[in-house]
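Taking it in order: structure first as structure tokens, then the write-up.
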Number of protein chains: 2
Amino acid sequence: MSNRKLNNYISVDCVIFGFDSEKLNVLVVDRTLKADDGSDEFSDLTLTGNHIYEDETIVEAADRILYDLTGLRNIYLEQFKTFAAPDRLKKENDRKWLLHDNRDPDKRIVSIGFFALLATQKVTLEWKGRNVRWMPVEEVGELGFDHNLILSEALVAMRNKLIHEPIGFELLPDKFTLSQLQKVYEIILDTTFDKRNFRKKVGRMKYLIPLDEKQKGVAHKPARLYMFSREVYEKTRKEILNFLV
Amino acid sequence: MSNRKLNNYISVDCVIFGFDSEKLNVLVVDRTLKADDGSDEFSDLTLTGNHIYEDETIVEAADRILYDLTGLRNIYLEQFKTFAAPDRLKKENDRKWLLHDNRDPDKRIVSIGFFALLATQKVTLEWKGRNVRWMPVEEVGELGFDHNLILSEALVAMRNKLIHEPIGFELLPDKFTLSQLQKVYEIILDTTFDKRNFRKKVGRMKYLIPLDEKQKGVAHKPARLYMFSREVYEKTRKEILNFLV
DNA sequence: CCAAAAGTGTTAACATTACACCCATGG
DNA sequence: CCATGGGTGTAATGTTAACACTTTTGG
């Protein structure tokens with residue numbers, strides 16, 4: 001595996017979302033370039049991304065990045081948009097970083113954007129020698145490259161998907177409570193729902209399976225746990241004409 | 001403009017859909033390679049696509065292709081998926097075609113897929129020296145490169161969009177009847193709707209503007225014409241939680 | 001016994017579905 | 001005067017939205 005060749009003009013960028021029952025977070029990595037004297041030439045943040053190997057598909061490349069960061073397979077992953085503007089890597093810091101990394105800052109690099117939803121907060125703390133951490137989406141400042149654009153497009157695509165398809169579960173543990181699920185939708189869609197109406201609505205979804213199991217160790221009435229069945233979903237889903245106002 | 005440089009590893013493929021009040025059609029071009037003796041080495045069909053210029057964004061490249069084919073600007077256009085499998089151009093005919101075209105068949109080429117919806121049937125008959133024509137989607141046989149995959153993914157993305165957002169109008173003239181609109185949905189979603197219920201439903205959409213104008217020259221009661229107002233749509237649209245069954 | 005979140009039901013307004021007949025035009 | 005597609009209403013059923021109180025647990 002050590003002699004695989006990296007393609008030098010096709011990359012994937014992964015916008016990895018995580019949920020901590022309070023906020024929507026995104027995984028970012030430090031990008032610090034040292035000057036010759038050891039001081040920081042600059043230091044900022046980027047999303048996670050990498051060039052693809054020549055023998056690898058783009059989905060395999062995205063899966064590889066996710067595995068390297070989390071040690072997990074079968075994470076929810078979706079290709080949402082591709083970025084190839086001529087000037088997307090042309091900011092001063094970006095050029096310096098690419099040169100330092102032995103890459104050609106004048107090469108047109110196309111990047112395929114994926115977003116991933118994580119059921120857990122476990123990630124490595126270091127990745128390719130760079131520090132990795134979760135950051136609440138609303139606290140993200142200026143990122144390197146065109147990653148602010150990629151992040152905002154990922155958010156649009158993810159919210160859109162969340163509205164139309166059952167993917168909220170992917171941000172929760174396998175077993176979750178209805179209140180946790182409601183919170184996912186409320187926080188990501190920046191709204192609130194009536195508890196009784198929300199429960200009535202999800203109660204109609206056959207693929208949301210109630211378990212004979214409750215929360216433990218909470219200082220209030222323990223909630224029933226539920227799980228999502230993709231199998232039931234695939235069997236019962238029907239498309240609905242919904243191009244309303 | 002004549003000295004613009006083409007990028008040799010980033011291309012866009014356009015899946016151009018048209019509607020003729022009977023069928024959903026897609027634009028295909030002949031791909032005929034002549035042998036030395038003038039006979040056909042092979043002859044098949046592909047979708048429309050092209051490499052991008054170095055100074056051009058991918059949307060600009062797709063717009064350019066659409067303009068070259070139709071002479072129209074502002075066509076409905078959407079980036080839906082990117083294709084970069086290592087073997088996507090490796091079939092025998094594909095290699096021959098690329099070689100003949102002075103391109104490197106071993107170069108990894110990434111192609112960004114767009115689909116377009118056309119309100120008219122007008123297209124050029126020739127494009128880059130190749131014959132162009134409409135073909136009903138269900139009659140499309142084996143296409144060159146990975147274009148069957150690109151077409152089927154375009155169909156999935158287009159149907160999905162059609163269900164959730166008002167884009168059916170884009171396949172009709174600016175002024176259209178409700179029966180034409182119903183037919184668009186019926187044919188593309190392969191279903192039927194009750195006429196009264198369909199009209200009740202679209203009657204609630206404020207962005208569908210009834211005109212003081214009727215069909216002319218039809219051998220039956222002439223239908224009222226309508227138009228779509230994107231402006232009203234943008235103002236009145238609201239997102240709805242709809243991840244039901 | 002207190003704090004915290006879980007869980008539950010009713011009503012009114014609106015949306016969906018199923019279903020059949022007359023109307024205006026061109027030929 | 002006929003063939004063609006345009007246009008319309010009602011009743012039953014299902015969905016949404018608004019709204020408040022009791023229950024179970026840990027501390």
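Identifiers in the structure tokens: chain A, B, ... in order shown; residue index from 1 per chain; ligand index from 1 in order shown.
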
### Task
Could you list the residues in chain D lying within 6 Å of chain B, using only C-alpha atoms (C1' of nucleotides), and format the result as a VMD selection string?
chain D and resid 4 to 6

### Task
May I ask you to extract the residues of chain A within 10 Å of chain B, using only C-alpha atoms, and to give them as a ChimeraX atom specification?
/A:7,9-10,53-59,79-87,107-113,159-168,185,189,201-202,204-208,232-245

### Query
Mind pulling up the distance from CA of Gly49 (chain A) to CA of Leu125 (chain A)?
15.6 Å

### Task
Please report as a PyMOL selection string which residues of chain C come no farther than 6 Å from chain A, using only C-alpha atoms (C1' of nucleotides).
chain C and resi 4-6

### Task
Taking the DSSP assignment computed from this structure's backbone, write out as number ranges by chain all residues of region 60-220 of chain A that belong to strand (DSSP E).
A: 76-83, 110-118, 126-127, 130-136, 208-214

For C-alpha atoms, I'd like the residues from the last selection saved as an mmCIF file, in the first residue's frame.
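Produced file selection_22.cif, reproduced below:
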```cif
data_model
loop_
_atom_site.group_PDB
_atom_site.id
_atom_site.type_symbol
_atom_site.label_atom_id
_atom_site.label_comp_id
_atom_site.auth_asym_id
_atom_site.auth_seq_id
_atom_site.Cartn_x
_atom_site.Cartn_y
_atom_site.Cartn_z
ATOM 1 C CA TYR A 76 -23.235 8.613 6.877
ATOM 2 C CA LEU A 77 -21.555 10.332 3.946
ATOM 3 C CA GLU A 78 -22.915 12.281 1.027
ATOM 4 C CA GLN A 79 -21.338 13.958 -1.976
ATOM 5 C CA PHE A 80 -22.968 17.389 -2.127
ATOM 6 C CA LYS A 81 -21.044 19.685 -4.482
ATOM 7 C CA THR A 82 -17.797 20.114 -6.366
ATOM 8 C CA PHE A 83 -15.551 23.149 -6.182
ATOM 9 C CA VAL A 110 -10.819 20.352 -8.222
ATOM 10 C CA SER A 111 -12.271 19.340 -4.891
ATOM 11 C CA ILE A 112 -15.309 17.168 -4.420
ATOM 12 C CA GLY A 113 -17.215 18.136 -1.271
ATOM 13 C CA PHE A 114 -18.722 15.508 1.017
ATOM 14 C CA PHE A 115 -20.559 15.978 4.248
ATOM 15 C CA ALA A 116 -20.610 13.344 6.978
ATOM 16 C CA LEU A 117 -22.833 12.970 10.019
ATOM 17 C CA LEU A 118 -21.372 11.430 13.112
ATOM 18 C CA GLU A 126 -4.043 14.473 15.517
ATOM 19 C CA TRP A 127 -4.250 13.901 11.803
ATOM 20 C CA ARG A 130 -2.060 18.546 12.595
ATOM 21 C CA ASN A 131 -4.337 19.120 15.580
ATOM 22 C CA VAL A 132 -7.972 18.246 15.040
ATOM 23 C CA ARG A 133 -10.934 19.482 17.009
ATOM 24 C CA TRP A 134 -14.682 20.010 17.032
ATOM 25 C CA MET A 135 -15.889 23.564 16.685
ATOM 26 C CA PRO A 136 -19.478 24.785 16.924
ATOM 27 C CA LEU A 208 -38.607 4.667 14.199
ATOM 28 C CA ILE A 209 -38.616 1.632 16.443
ATOM 29 C CA PRO A 210 -39.474 1.977 20.152
ATOM 30 C CA LEU A 211 -37.272 -0.223 22.332
ATOM 31 C CA ASP A 212 -38.110 -1.902 25.655
ATOM 32 C CA GLU A 213 -35.363 0.076 27.225
ATOM 33 C CA LYS A 214 -35.054 3.327 29.103
#
```

### Task
Can you work out the spacing between CA of His147 (chain A) and CA of Thr46 (chain A) in Å, to one decimal?
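Separating CA of His147 (chain A) from CA of Thr46 (chain A) is a distance of 6.5 Å.
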
### Summary
Using only C-alpha atoms (C1' of nucleotides), the best pick from B:Thr70, B:Thr120, B:Gln215, B:Asn197 as closest to DG9 (chain D) would be B:Asn197

### Task
Can you check which residues of chain B DSSP gives as helix (DSSP H, G or I) on the backbone and send them as a PyMOL selection string?
chain B and resi 58-70+92-100+137-139+147-164+168-171+178-189+195-203+230-236

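What separates CA of Ala35 (chain B) from CA of Asn102 (chain B) is a distance of 15.5 Å.
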
#### Entry: For DA18 (chain C): contacts at 12 Å, only C-alpha atoms (C1' of nucleotides), fewer than 2 positions along chain excluded, given as a list in words
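Using only C-alpha atoms (C1' of nucleotides), the neighbours found are Phe193, Asp194, Lys195, Arg196 and Asn197 of chain B; DT16 and DA20 of chain C; DT10, DA11, DA12 and DT13 of chain D.
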
Hey, can you spit out that residue selection with N, CA, C and O atoms (P, O5', C5', C4', C3', O3' and C1' of nucleotides) as a compact mmCIF listing (two decimals), in the first residue's frame?
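File produced: selection_16.txt:
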```txt
# COMPACT_ATOMS: atom_id res chain seq x y z
N PHE B 193 -52.39 11.87 -11.95
CA PHE B 193 -53.05 12.65 -10.91
C PHE B 193 -54.49 12.92 -11.34
O PHE B 193 -54.77 13.05 -12.53
N ASP B 194 -55.36 13.05 -10.38
CA ASP B 194 -56.71 13.48 -10.66
C ASP B 194 -56.68 14.96 -11.04
O ASP B 194 -56.07 15.77 -10.35
N LYS B 195 -57.38 15.30 -12.13
CA LYS B 195 -57.33 16.66 -12.64
C LYS B 195 -57.82 17.69 -11.62
O LYS B 195 -57.19 18.73 -11.42
N ARG B 196 -58.93 17.40 -10.96
CA ARG B 196 -59.47 18.38 -10.00
C ARG B 196 -58.55 18.55 -8.81
O ARG B 196 -58.30 19.66 -8.34
N ASN B 197 -58.01 17.45 -8.31
CA ASN B 197 -57.13 17.54 -7.15
C ASN B 197 -55.81 18.24 -7.50
O ASN B 197 -55.30 19.04 -6.70
P DT C 16 -52.22 18.68 0.44
O5' DT C 16 -53.20 17.43 0.57
C5' DT C 16 -52.74 16.28 1.28
C4' DT C 16 -53.77 15.20 1.14
C3' DT C 16 -53.92 14.65 -0.28
O3' DT C 16 -53.59 13.27 -0.20
C1' DT C 16 -56.03 15.13 0.69
P DA C 20 -67.76 8.64 -10.66
O5' DA C 20 -69.20 9.35 -10.80
C5' DA C 20 -69.46 10.57 -10.12
C4' DA C 20 -69.97 11.60 -11.11
C3' DA C 20 -70.43 11.09 -12.47
O3' DA C 20 -71.61 11.81 -12.83
C1' DA C 20 -68.84 12.77 -12.80
P DT D 10 -70.50 22.51 -3.57
O5' DT D 10 -70.90 21.10 -2.98
C5' DT D 10 -71.09 19.96 -3.84
C4' DT D 10 -70.71 18.71 -3.06
C3' DT D 10 -70.57 18.90 -1.55
O3' DT D 10 -71.11 17.76 -0.90
C1' DT D 10 -68.60 17.96 -2.37
P DA D 11 -71.57 17.83 0.64
O5' DA D 11 -71.53 16.30 1.06
C5' DA D 11 -71.28 15.27 0.09
C4' DA D 11 -70.26 14.31 0.67
C3' DA D 11 -70.17 14.32 2.20
O3' DA D 11 -69.98 12.97 2.64
C1' DA D 11 -68.05 14.76 1.31
P DA D 12 -69.91 12.59 4.17
O5' DA D 12 -68.55 11.75 4.23
C5' DA D 12 -68.25 10.77 3.21
C4' DA D 12 -66.86 10.25 3.48
C3' DA D 12 -66.56 10.05 4.97
O3' DA D 12 -65.76 8.86 5.10
C1' DA D 12 -65.07 11.66 4.09
P DT D 13 -65.09 8.48 6.49
O5' DT D 13 -63.57 8.89 6.26
C5' DT D 13 -62.86 8.46 5.08
C4' DT D 13 -61.47 9.02 5.20
C3' DT D 13 -60.87 8.82 6.60
O3' DT D 13 -59.61 8.17 6.45
C1' DT D 13 -60.67 11.08 5.91
```

#### Entry: Nearby residues (only C-alpha atoms (C1' of nucleotides)) at most 10 Å from DA12 (chain C), same-chain spacing under 2 positions excluded, as number ranges by chain
C: 10, 14; D: 17-18
